[in-house]
$ cat structure-v5.cif   # mmCIF, C-alpha atoms
data_structure
#
loop_
_atom_site.label_atom_id
_atom_site.label_comp_id
_atom_site.auth_asym_id
_atom_site.auth_seq_id
_atom_site.Cartn_x
_atom_site.Cartn_y
_atom_site.Cartn_z
CA MET A 1 -8.37 -124.67 6.73
CA GLU A 2 -8.65 -120.93 6.08
CA THR A 3 -5.58 -119.25 4.63
CA THR A 4 -4.61 -115.93 6.24
CA GLU A 5 -3.22 -112.96 4.29
CA ILE A 6 0.25 -113.58 5.76
CA ASP A 7 0.07 -117.24 4.68
CA MET A 8 -0.93 -116.18 1.18
CA LYS A 9 2.03 -113.81 0.85
CA ASN A 10 4.35 -116.54 2.13
CA LEU A 11 2.94 -119.09 -0.31
CA LEU A 12 3.22 -116.71 -3.27
CA SER A 13 6.79 -115.86 -2.28
CA LYS A 14 7.63 -119.57 -2.20
CA LEU A 15 6.00 -120.00 -5.60
CA SER A 16 8.36 -117.41 -7.08
CA SER A 17 11.30 -119.10 -5.35
CA LEU A 18 10.22 -122.45 -6.82
CA LYS A 19 10.78 -121.27 -10.38
CA ASN A 20 14.15 -119.74 -9.44
CA GLU A 21 15.19 -123.06 -7.89
CA ILE A 22 14.29 -124.97 -11.07
CA GLN A 23 16.23 -122.45 -13.16
CA LYS A 24 19.40 -123.40 -11.31
CA VAL A 25 19.36 -126.47 -13.55
CA ILE A 26 17.11 -125.57 -16.49
CA ILE A 27 18.48 -122.74 -18.61
CA GLY A 28 15.91 -120.88 -20.70
CA GLN A 29 12.52 -122.48 -21.46
CA ASP A 30 10.89 -119.70 -19.41
CA GLN A 31 7.46 -120.05 -21.03
CA VAL A 32 7.52 -123.84 -20.66
CA LEU A 33 8.31 -123.61 -16.94
CA ASP A 34 5.53 -121.05 -16.43
CA GLU A 35 3.01 -123.33 -18.15
CA MET A 36 4.10 -126.39 -16.14
CA LEU A 37 3.73 -124.48 -12.87
CA VAL A 38 0.35 -123.08 -13.96
CA ALA A 39 -0.86 -126.64 -14.61
CA LEU A 40 0.39 -127.70 -11.17
CA LEU A 41 -1.48 -124.80 -9.54
CA ALA A 42 -4.63 -125.56 -11.52
CA GLY A 43 -4.52 -129.22 -10.45
CA GLY A 44 -4.29 -130.55 -14.02
CA HIS A 45 -1.86 -132.62 -16.05
CA CYS A 46 0.55 -131.75 -18.87
CA LEU A 47 1.57 -133.31 -22.16
CA LEU A 48 5.08 -132.21 -23.15
CA GLU A 49 6.23 -132.52 -26.75
CA GLY A 50 9.70 -131.84 -28.06
CA VAL A 51 12.49 -133.44 -30.06
CA PRO A 52 15.06 -135.55 -28.16
CA GLY A 53 17.67 -133.73 -26.10
CA LEU A 54 15.59 -130.71 -25.00
CA ALA A 55 15.68 -131.68 -21.29
CA LYS A 56 12.03 -132.73 -20.97
CA THR A 57 12.86 -135.47 -18.46
CA LEU A 58 15.40 -133.29 -16.63
CA MET A 59 12.83 -130.51 -16.32
CA VAL A 60 10.27 -132.78 -14.67
CA ARG A 61 12.86 -134.39 -12.39
CA THR A 62 14.12 -130.96 -11.29
CA LEU A 63 10.56 -129.85 -10.55
CA SER A 64 10.09 -132.90 -8.32
CA GLN A 65 13.37 -132.13 -6.49
CA ALA A 66 12.14 -128.59 -5.77
CA LEU A 67 8.99 -129.99 -4.13
CA HIS A 68 8.51 -132.06 -0.97
CA LEU A 69 6.70 -134.68 -3.05
CA SER A 70 7.21 -138.29 -4.09
CA PHE A 71 8.32 -138.80 -7.69
CA ARG A 72 8.24 -141.81 -10.01
CA ARG A 73 9.27 -142.16 -13.62
CA ILE A 74 7.58 -144.69 -15.91
CA GLN A 75 9.30 -145.49 -19.21
CA PHE A 76 6.47 -146.41 -21.57
CA THR A 77 7.33 -149.26 -23.93
CA PRO A 78 5.30 -151.42 -26.36
CA ASP A 79 5.23 -154.34 -23.89
CA LEU A 80 4.11 -152.29 -20.85
CA MET A 81 0.92 -153.64 -19.28
CA PRO A 82 -1.70 -151.74 -17.21
CA THR A 83 -0.69 -153.70 -14.09
CA ASP A 84 2.90 -152.45 -14.55
CA ILE A 85 1.75 -148.91 -13.77
CA VAL A 86 -1.34 -149.46 -11.59
CA GLY A 87 -0.10 -152.36 -9.49
CA THR A 88 -1.11 -155.98 -8.98
CA GLU A 89 -2.16 -158.43 -6.30
CA ILE A 90 0.43 -160.78 -4.84
CA LEU A 91 -0.20 -163.90 -2.80
CA GLU A 92 1.05 -163.68 0.78
CA GLU A 93 0.90 -166.01 3.75
CA ASP A 94 0.09 -165.14 7.35
CA HIS A 95 2.92 -166.76 9.32
CA VAL A 96 0.74 -167.00 12.46
CA THR A 97 -2.38 -168.65 11.01
CA GLY A 98 -0.83 -170.13 7.88
CA LYS A 99 -3.65 -168.68 5.77
CA ARG A 100 -2.90 -167.27 2.38
CA PHE A 101 -4.38 -164.02 1.09
CA PHE A 102 -3.99 -161.57 -1.77
CA LYS A 103 -2.40 -158.18 -1.07
CA PHE A 104 -2.47 -155.28 -3.51
CA ASN A 105 1.04 -154.14 -4.38
CA LYS A 106 0.83 -150.50 -5.51
CA GLY A 107 2.43 -149.54 -8.81
CA PRO A 108 4.43 -146.40 -9.74
CA LEU A 109 1.23 -144.40 -10.29
CA PHE A 110 0.99 -144.05 -6.51
CA ALA A 111 3.24 -140.99 -6.32
CA ASN A 112 2.60 -137.24 -6.24
CA ILE A 113 4.49 -136.49 -9.46
CA VAL A 114 4.59 -139.11 -12.22
CA LEU A 115 6.69 -138.72 -15.35
CA ALA A 116 5.10 -140.79 -18.13
CA ASP A 117 7.99 -140.91 -20.59
CA GLU A 118 7.09 -141.43 -24.27
CA ILE A 119 3.42 -142.14 -23.61
CA ASN A 120 2.78 -142.68 -27.33
CA ARG A 121 5.03 -145.78 -27.33
CA THR A 122 2.69 -147.93 -25.25
CA PRO A 123 -0.52 -149.71 -26.40
CA PRO A 124 -3.94 -148.05 -25.98
CA LYS A 125 -4.93 -150.36 -23.10
CA THR A 126 -2.04 -149.11 -20.96
CA GLN A 127 -2.62 -145.50 -22.05
CA ALA A 128 -6.26 -145.86 -20.98
CA ALA A 129 -5.23 -147.08 -17.51
CA LEU A 130 -3.09 -143.97 -17.04
CA LEU A 131 -5.74 -141.60 -18.35
CA GLU A 132 -8.41 -143.13 -16.11
CA ALA A 133 -6.20 -142.42 -13.09
CA MET A 134 -5.67 -138.85 -14.33
CA GLN A 135 -9.39 -138.21 -14.51
CA GLU A 136 -10.64 -140.04 -11.42
CA PHE A 137 -7.62 -139.65 -9.09
CA GLU A 138 -8.09 -143.30 -8.17
CA VAL A 139 -7.51 -146.76 -9.60
CA THR A 140 -9.67 -149.86 -9.43
CA TYR A 141 -8.23 -153.37 -9.22
CA GLY A 142 -10.13 -156.56 -8.48
CA GLY A 143 -13.28 -154.60 -7.64
CA GLN A 144 -11.46 -152.53 -5.00
CA THR A 145 -10.87 -148.78 -5.39
CA TYR A 146 -7.59 -147.25 -4.26
CA PRO A 147 -7.31 -143.44 -4.00
CA LEU A 148 -4.14 -141.86 -5.42
CA ASP A 149 -1.89 -139.59 -3.41
CA ARG A 150 -2.76 -135.88 -3.57
CA PRO A 151 -1.54 -133.63 -5.03
CA PHE A 152 -1.35 -135.87 -8.10
CA PHE A 153 0.44 -134.42 -11.13
CA ILE A 154 1.20 -136.32 -14.34
CA LEU A 155 3.61 -134.98 -16.92
CA ALA A 156 3.62 -137.13 -20.05
CA THR A 157 6.18 -136.71 -22.82
CA GLN A 158 6.07 -137.64 -26.47
CA ASN A 159 8.54 -137.37 -29.32
CA PRO A 160 7.09 -135.75 -32.46
CA ILE A 161 9.65 -137.05 -34.96
CA GLU A 162 9.88 -140.79 -34.27
CA GLN A 163 6.43 -142.01 -35.27
CA ALA A 164 7.35 -145.58 -36.31
CA GLY A 165 5.86 -148.08 -33.87
CA THR A 166 3.93 -145.48 -31.90
CA TYR A 167 0.34 -145.37 -30.66
CA PRO A 168 -0.82 -141.73 -30.99
CA LEU A 169 -3.26 -140.63 -28.30
CA PRO A 170 -6.85 -140.28 -29.58
CA GLU A 171 -8.36 -136.79 -29.42
CA ALA A 172 -10.78 -137.78 -26.63
CA GLN A 173 -7.84 -138.89 -24.48
CA LEU A 174 -5.72 -135.86 -25.37
CA ASP A 175 -8.56 -133.74 -24.00
CA ARG A 176 -7.82 -135.14 -20.51
CA PHE A 177 -4.58 -133.17 -20.43
CA LEU A 178 -5.11 -129.66 -19.12
CA LEU A 179 -2.22 -128.26 -21.19
CA TYR A 180 -0.31 -129.41 -24.27
CA ILE A 181 3.13 -127.80 -23.98
CA LYS A 182 5.53 -127.67 -26.92
CA ILE A 183 9.23 -127.36 -26.15
CA GLY A 184 11.32 -125.63 -28.81
CA TYR A 185 15.03 -125.27 -29.40
CA PRO A 186 16.95 -122.85 -27.14
CA THR A 187 18.23 -119.49 -28.32
CA ALA A 188 21.94 -119.12 -29.11
CA GLN A 189 22.59 -117.50 -25.72
CA GLU A 190 20.62 -120.19 -23.86
CA GLU A 191 22.41 -122.96 -25.74
CA PHE A 192 25.78 -121.46 -24.81
CA GLY A 193 24.67 -121.45 -21.16
CA VAL A 194 23.56 -125.10 -21.39
CA LEU A 195 26.84 -126.21 -22.95
CA ASN A 196 28.90 -124.19 -20.49
CA SER A 197 27.09 -125.41 -17.36
CA THR A 198 26.66 -129.09 -18.19
CA THR A 199 30.15 -130.02 -19.33
CA GLY A 200 32.06 -129.04 -16.18
CA SER A 201 32.47 -130.63 -12.77
CA LYS A 202 30.27 -128.21 -10.81
CA LYS A 203 27.21 -129.85 -9.25
CA VAL A 204 24.01 -127.89 -8.59
CA THR A 205 21.88 -128.65 -5.52
CA VAL A 206 18.12 -128.13 -5.87
CA ASN A 207 16.46 -127.32 -2.55
CA PRO A 208 12.84 -128.33 -1.80
CA ILE A 209 10.63 -125.22 -1.63
CA LEU A 210 6.99 -126.32 -1.36
CA GLY A 211 5.29 -129.28 0.28
CA GLY A 212 2.11 -131.15 -0.56
CA GLU A 213 -0.13 -129.26 1.87
CA GLU A 214 1.13 -125.91 0.59
CA ILE A 215 0.45 -126.93 -3.01
CA LYS A 216 -3.09 -127.98 -2.07
CA GLN A 217 -3.57 -124.58 -0.40
CA LEU A 218 -2.38 -122.83 -3.57
CA GLN A 219 -4.70 -124.96 -5.69
CA GLY A 220 -7.56 -123.85 -3.42
CA LEU A 221 -6.52 -120.20 -3.80
CA VAL A 222 -6.62 -120.50 -7.60
CA ARG A 223 -10.36 -121.20 -7.44
CA ASP A 224 -10.88 -117.98 -5.48
CA VAL A 225 -9.11 -115.73 -8.01
CA ASN A 226 -11.63 -113.27 -9.46
CA ILE A 227 -12.63 -113.24 -13.12
CA ASN A 228 -14.95 -110.62 -14.58
CA ASP A 229 -18.20 -111.92 -16.14
CA ASP A 230 -17.29 -110.13 -19.37
CA LEU A 231 -14.10 -112.21 -19.54
CA VAL A 232 -16.08 -115.40 -18.95
CA HIS A 233 -18.31 -114.44 -21.91
CA TYR A 234 -15.15 -113.68 -23.93
CA VAL A 235 -13.75 -117.17 -23.18
CA SER A 236 -17.09 -118.73 -24.14
CA ASN A 237 -17.08 -116.81 -27.44
CA ILE A 238 -13.54 -118.01 -28.24
CA ILE A 239 -14.40 -121.66 -27.54
CA ARG A 240 -17.68 -121.55 -29.49
CA ALA A 241 -15.90 -119.91 -32.42
CA THR A 242 -13.64 -122.98 -32.79
CA ARG A 243 -16.63 -125.13 -33.88
CA PRO A 244 -17.23 -125.23 -37.65
CA ASP A 245 -21.00 -125.81 -37.34
CA THR A 246 -21.64 -122.73 -35.14
CA THR A 247 -18.76 -120.35 -35.88
CA THR A 248 -19.07 -117.06 -37.72
CA VAL A 249 -15.35 -117.05 -38.55
CA PRO A 250 -14.88 -118.17 -42.22
CA TYR A 251 -11.43 -119.79 -41.86
CA ILE A 252 -12.66 -122.04 -39.03
CA LYS A 253 -15.14 -123.60 -41.47
CA GLU A 254 -12.34 -123.86 -44.03
CA TRP A 255 -9.60 -125.44 -41.86
CA VAL A 256 -11.14 -127.04 -38.76
CA ARG A 257 -12.77 -130.48 -38.65
CA TRP A 258 -13.79 -130.49 -34.96
CA GLY A 259 -13.71 -127.63 -32.48
CA ALA A 260 -13.11 -127.50 -28.74
CA GLY A 261 -15.67 -128.71 -26.21
CA PRO A 262 -16.82 -127.14 -22.93
CA ARG A 263 -13.84 -128.66 -21.09
CA ALA A 264 -11.61 -126.29 -23.08
CA GLY A 265 -13.47 -123.28 -21.66
CA GLN A 266 -13.14 -124.64 -18.14
CA ALA A 267 -9.42 -125.23 -18.72
CA LEU A 268 -8.90 -121.74 -20.15
CA ILE A 269 -10.58 -120.01 -17.20
CA LEU A 270 -8.87 -122.19 -14.59
CA THR A 271 -5.38 -121.78 -16.09
CA ALA A 272 -5.93 -118.04 -16.53
CA LYS A 273 -6.74 -117.86 -12.80
CA ALA A 274 -3.65 -119.95 -11.99
CA ARG A 275 -1.46 -117.71 -14.16
CA ALA A 276 -2.84 -114.60 -12.46
CA LEU A 277 -1.99 -116.05 -9.03
CA PHE A 278 1.44 -117.13 -10.29
CA LYS A 279 2.05 -113.51 -11.31
CA GLY A 280 0.95 -112.31 -7.86
CA ARG A 281 -2.51 -111.07 -8.85
CA TYR A 282 -5.95 -111.94 -7.48
CA SER A 283 -7.93 -111.19 -10.64
CA VAL A 284 -7.67 -112.40 -14.23
CA LEU A 285 -6.53 -110.05 -16.98
CA MET A 286 -6.98 -110.35 -20.74
CA GLU A 287 -3.29 -111.24 -21.09
CA ASP A 288 -3.80 -114.33 -18.90
CA ILE A 289 -6.46 -115.65 -21.27
CA HIS A 290 -4.41 -114.87 -24.38
CA ASN A 291 -1.28 -116.54 -22.95
CA MET A 292 -3.09 -119.72 -21.93
CA ALA A 293 -5.21 -120.01 -25.09
CA TYR A 294 -2.38 -121.71 -27.01
CA PRO A 295 -1.56 -124.66 -24.69
CA VAL A 296 -5.27 -125.07 -23.87
CA LEU A 297 -6.53 -125.17 -27.48
CA ARG A 298 -3.48 -126.80 -29.11
CA HIS A 299 -4.77 -130.38 -28.64
CA ARG A 300 -8.49 -129.60 -28.63
CA ILE A 301 -8.86 -128.32 -32.20
CA LEU A 302 -8.78 -131.04 -34.88
CA MET A 303 -7.57 -129.73 -38.21
CA ASN A 304 -8.92 -131.05 -41.53
CA PHE A 305 -6.93 -132.40 -44.49
CA LYS A 306 -6.86 -129.02 -46.23
CA ALA A 307 -5.28 -127.38 -43.17
CA GLU A 308 -2.66 -130.14 -42.96
CA ALA A 309 -1.87 -129.73 -46.67
CA GLU A 310 -1.42 -125.98 -46.20
CA ASN A 311 0.55 -126.38 -42.92
CA VAL A 312 -2.10 -124.56 -40.91
CA SER A 313 -1.69 -125.45 -37.21
CA SER A 314 -4.02 -125.16 -34.24
CA ASP A 315 -1.68 -122.50 -32.82
CA MET A 316 -2.31 -120.40 -35.93
CA ILE A 317 -6.05 -120.88 -35.43
CA ALA A 318 -5.75 -119.72 -31.79
CA ALA A 319 -3.80 -116.63 -32.90
CA GLU A 320 -6.43 -115.76 -35.50
CA LEU A 321 -9.26 -116.23 -32.99
CA ILE A 322 -7.58 -113.85 -30.54
CA LYS A 323 -7.53 -111.25 -33.33
CA ALA A 324 -11.05 -111.95 -34.58
CA ILE A 325 -13.17 -112.34 -31.44
CA GLU A 326 -14.45 -109.02 -30.13
CA ARG A 327 -12.98 -108.14 -26.74
CA PRO A 328 -15.03 -106.71 -23.88
CA LYS A 329 -14.97 -102.94 -24.39
CA VAL A 330 -14.18 -102.15 -20.75
CA LEU A 331 -11.27 -104.58 -20.68
CA ALA A 332 -9.97 -104.39 -24.26
#

$ encode --input "structure-v5.cif" --output "structure tokens"
Amino acid sequence: METTEIDMKNLLSKLSSLKNEIQKVIIGQDQVLDEMLVALLAGGHCLLEGVPGLAKTLMVRTLSQALHLSFRRIQFTPDLMPTDIVGTEILEEDHVTGKRFFKFNKGPLFANIVLADEINRTPPKTQAALLEAMQEFEVTYGGQTYPLDRPFFILATQNPIEQAGTYPLPEAQLDRFLLYIKIGYPTAQEEFGVLNSTTGSKKVTVNPILGGEEIKQLQGLVRDVNINDDLVHYVSNIIRATRPDTTTVPYIKEWVRWGAGPRAGQALILTAKARALFKGRYSVLMEDIHNMAYPVLRHRILMNFKAEAENVSSDMIAAELIKAIERPKVLA
């Protein structure tokens, strides 16, 4: 269905209202909210990392309340099985004929927004079942394929400080997440606001702003956002420069074990388009690429032992690449 100019203005207005609605509950974390909404617009999934108590779960739950979408939370534990999230067949009986048959009982993955809490606490087999659904937007059970509800948005959380008894996601599976979002501590002013607003009796009501069809329209609009060919070349140069065997940047050879693949370039362009639309623009600017480079590359650059010993992070690599890679002269 073609979207008219009036529809586009209405959708973009609602998009702005969506963030305001979430901020009724979530104080601060402005960058984190922007990145979550960019991932939603781009049709990808997010991995959220932060220490306990930074409102990761509350943030996702509030987002679901501000949308006309179904929401399920899955608490990942060491004994969680793939069937616990995908679903399983149950034996039923037809009361008319008396015949018995198997019926597929859908699991919690069959929702529009799924919060996968502490994904690194469940075994690889269950992680793989979730990641397959993320990639294919469908699940297969007993030789039968079941499509997932659309839009389909997974936000997985992990705790960086409790590593005992965890199953860290392999790099190939991390790559399935469009963005890797790190949640930091609030500022002093933000923390005062959190303490002041959460210890009283006042209840905040979050109103639904956008529905599933509107989100799918916005996701379609993201693809139509213009990006200059010079910026596409610029993105390609950044991604290629992350690879030690082809880079011309000395510190990449020194600190990086494996660089980003082509999916990183696709993710960077798509999220830059989504950010441009989120900001009310119909063309990508350099700032969109620079802003999205961090959550896009964060989990796609594998550091070597020397970098770990010297506390060199992938965020530092992204910052250095932004400085080092020559910008298009017209757009610099």

$ closest_residue --input "structure-v5.cif" --among "A:Val38, A:Val225, A:Leu270, A:Leu33" --to "Ser283 in chain A" --atoms "only C-alpha atoms"
A:Val225

$ resolve_selection --input "structure-v5.cif" --expression "the PyMOL selection byres ((chain A and resi 79) around 8)" --output "MDAnalysis selection string"
chainID A and resid 77:78 80:81 122:123

$ residues_around --input "structure-v5.cif" --residues "Glu191 in chain A" --least-positions-apart "4" --cutoff "12 Å" --atoms "all atoms listed in the file" --output "ChimeraX atom specification"
/A:26-29,53-55,184-187,195-198

$ axis_aligned_box --input "structure-v5.cif" --around "range 114-122 of chain A" --padding-each-side "6 Å" --output "AutoDock Vina command-line options"
--center_x 5.3 --center_y -143.3 --center_z -19.8 --size_x 17.3 --size_y 21.2 --size_z 27.1

$ closest_residue --input "structure-v5.cif" --among "A:Gly280, A:Glu136, A:Gly143, A:Ile301" --to "Leu218 in chain A" --atoms "all atoms listed in the file"
A:Gly280

$ atom_distance --input "structure-v5.cif" --atom1 "CA of Gly87 in chain A" --atom2 "CA of Asn120 in chain A"
20.5 Å

$ atom_distance --input "structure-v5.cif" --atom1 "CA of Val312 in chain A" --atom2 "CA of Glu254 in chain A"
10.7 Å

$ resolve_selection --input "structure-v5.cif" --expression "the PyMOL selection byres ((chain A and resi 57) around 12)" --output "count of residues only"
32

$ closest_residue --input "structure-v5.cif" --among "A:Thr246, A:Leu277, A:Gln219, A:Gln31" --to "Tyr294 in chain A" --atoms "all atoms listed in the file"
A:Gln31

$ atom_distance --input "structure-v5.cif" --atom1 "CA of Ala129 in chain A" --atom2 "CA of Lys103 in chain A"
20.0 Å

$ decode --input "structure-v5.cif" --residues "range 218-245 of chain A" --atoms "N, CA and C atoms" --output "PDB file, in the first residue's frame"
ATOM      1  N   LEU A 218       6.551   2.185   8.430  1.00  0.00           N
ATOM      2  CA  LEU A 218       7.784   2.918   8.736  1.00  0.00           C
ATOM      3  C   LEU A 218       9.012   2.116   8.320  1.00  0.00           C
ATOM      4  N   GLN A 219       8.979   0.815   8.536  1.00  0.00           N
ATOM      5  CA  GLN A 219      10.098  -0.029   8.115  1.00  0.00           C
ATOM      6  C   GLN A 219      10.266  -0.009   6.603  1.00  0.00           C
ATOM      7  N   GLY A 220       9.140   0.098   5.874  1.00  0.00           N
ATOM      8  CA  GLY A 220       9.216   0.232   4.421  1.00  0.00           C
ATOM      9  C   GLY A 220       9.798   1.573   4.006  1.00  0.00           C
ATOM     10  N   LEU A 221       9.428   2.632   4.740  1.00  0.00           N
ATOM     11  CA  LEU A 221       9.941   3.977   4.442  1.00  0.00           C
ATOM     12  C   LEU A 221      11.450   4.064   4.641  1.00  0.00           C
ATOM     13  N   VAL A 222      11.964   3.331   5.644  1.00  0.00           N
ATOM     14  CA  VAL A 222      13.403   3.353   5.918  1.00  0.00           C
ATOM     15  C   VAL A 222      14.189   2.953   4.673  1.00  0.00           C
ATOM     16  N   ARG A 223      13.700   1.940   3.965  1.00  0.00           N
ATOM     17  CA  ARG A 223      14.397   1.453   2.770  1.00  0.00           C
ATOM     18  C   ARG A 223      14.444   2.511   1.673  1.00  0.00           C
ATOM     19  N   ASP A 224      13.485   3.429   1.687  1.00  0.00           N
ATOM     20  CA  ASP A 224      13.414   4.459   0.647  1.00  0.00           C
ATOM     21  C   ASP A 224      14.215   5.717   0.976  1.00  0.00           C
ATOM     22  N   VAL A 225      14.767   5.795   2.178  1.00  0.00           N
ATOM     23  CA  VAL A 225      15.591   6.953   2.547  1.00  0.00           C
ATOM     24  C   VAL A 225      16.828   6.983   1.652  1.00  0.00           C
ATOM     25  N   ASN A 226      17.168   8.150   1.153  1.00  0.00           N
ATOM     26  CA  ASN A 226      18.272   8.302   0.204  1.00  0.00           C
ATOM     27  C   ASN A 226      19.632   8.293   0.908  1.00  0.00           C
ATOM     28  N   ILE A 227      20.604   7.628   0.275  1.00  0.00           N
ATOM     29  CA  ILE A 227      21.983   7.701   0.736  1.00  0.00           C
ATOM     30  C   ILE A 227      22.878   7.913  -0.480  1.00  0.00           C
ATOM     31  N   ASN A 228      23.725   8.919  -0.397  1.00  0.00           N
ATOM     32  CA  ASN A 228      24.640   9.258  -1.480  1.00  0.00           C
ATOM     33  C   ASN A 228      25.630   8.118  -1.736  1.00  0.00           C
ATOM     34  N   ASP A 229      25.960   7.880  -3.011  1.00  0.00           N
ATOM     35  CA  ASP A 229      26.915   6.816  -3.359  1.00  0.00           C
ATOM     36  C   ASP A 229      28.262   7.007  -2.667  1.00  0.00           C
ATOM     37  N   ASP A 230      28.667   8.272  -2.499  1.00  0.00           N
ATOM     38  CA  ASP A 230      29.935   8.541  -1.813  1.00  0.00           C
ATOM     39  C   ASP A 230      29.896   8.043  -0.370  1.00  0.00           C
ATOM     40  N   LEU A 231      28.717   8.150   0.269  1.00  0.00           N
ATOM     41  CA  LEU A 231      28.587   7.654   1.635  1.00  0.00           C
ATOM     42  C   LEU A 231      28.584   6.134   1.682  1.00  0.00           C
ATOM     43  N   VAL A 232      28.031   5.506   0.651  1.00  0.00           N
ATOM     44  CA  VAL A 232      28.073   4.043   0.575  1.00  0.00           C
ATOM     45  C   VAL A 232      29.530   3.577   0.465  1.00  0.00           C
ATOM     46  N   HIS A 233      30.323   4.267  -0.381  1.00  0.00           N
ATOM     47  CA  HIS A 233      31.751   3.951  -0.501  1.00  0.00           C
ATOM     48  C   HIS A 233      32.458   4.179   0.836  1.00  0.00           C
ATOM     49  N   TYR A 234      32.081   5.237   1.532  1.00  0.00           N
ATOM     50  CA  TYR A 234      32.678   5.564   2.830  1.00  0.00           C
ATOM     51  C   TYR A 234      32.409   4.440   3.839  1.00  0.00           C
ATOM     52  N   VAL A 235      31.164   3.947   3.869  1.00  0.00           N
ATOM     53  CA  VAL A 235      30.812   2.833   4.757  1.00  0.00           C
ATOM     54  C   VAL A 235      31.634   1.596   4.394  1.00  0.00           C
ATOM     55  N   SER A 236      31.744   1.319   3.103  1.00  0.00           N
ATOM     56  CA  SER A 236      32.517   0.163   2.639  1.00  0.00           C
ATOM     57  C   SER A 236      33.977   0.283   3.078  1.00  0.00           C
ATOM     58  N   ASN A 237      34.539   1.486   2.980  1.00  0.00           N
ATOM     59  CA  ASN A 237      35.936   1.704   3.386  1.00  0.00           C
ATOM     60  C   ASN A 237      36.125   1.485   4.887  1.00  0.00           C
ATOM     61  N   ILE A 238      35.146   1.911   5.678  1.00  0.00           N
ATOM     62  CA  ILE A 238      35.220   1.699   7.138  1.00  0.00           C
ATOM     63  C   ILE A 238      35.212   0.208   7.451  1.00  0.00           C
ATOM     64  N   ILE A 239      34.272  -0.520   6.850  1.00  0.00           N
ATOM     65  CA  ILE A 239      34.139  -1.952   7.137  1.00  0.00           C
ATOM     66  C   ILE A 239      35.387  -2.710   6.684  1.00  0.00           C
ATOM     67  N   ARG A 240      35.888  -2.413   5.495  1.00  0.00           N
ATOM     68  CA  ARG A 240      37.065  -3.107   4.983  1.00  0.00           C
ATOM     69  C   ARG A 240      38.305  -2.794   5.814  1.00  0.00           C
ATOM     70  N   ALA A 241      38.330  -1.601   6.399  1.00  0.00           N
ATOM     71  CA  ALA A 241      39.484  -1.207   7.218  1.00  0.00           C
ATOM     72  C   ALA A 241      39.529  -1.940   8.559  1.00  0.00           C
ATOM     73  N   THR A 242      38.432  -2.619   8.942  1.00  0.00           N
ATOM     74  CA  THR A 242      38.435  -3.358  10.215  1.00  0.00           C
ATOM     75  C   THR A 242      39.139  -4.706  10.090  1.00  0.00           C
ATOM     76  N   ARG A 243      39.484  -5.130   8.850  1.00  0.00           N
ATOM     77  CA  ARG A 243      40.023  -6.470   8.619  1.00  0.00           C
ATOM     78  C   ARG A 243      41.551  -6.442   8.568  1.00  0.00           C
ATOM     79  N   PRO A 244      42.206  -7.137   9.490  1.00  0.00           N
ATOM     80  CA  PRO A 244      43.674  -7.066   9.580  1.00  0.00           C
ATOM     81  C   PRO A 244      44.400  -7.456   8.299  1.00  0.00           C
ATOM     82  N   ASP A 245      43.835  -8.382   7.502  1.00  0.00           N
ATOM     83  CA  ASP A 245      44.553  -8.853   6.312  1.00  0.00           C
ATOM     84  C   ASP A 245      44.474  -7.888   5.134  1.00  0.00           C
TER      85      ASP A 245
END
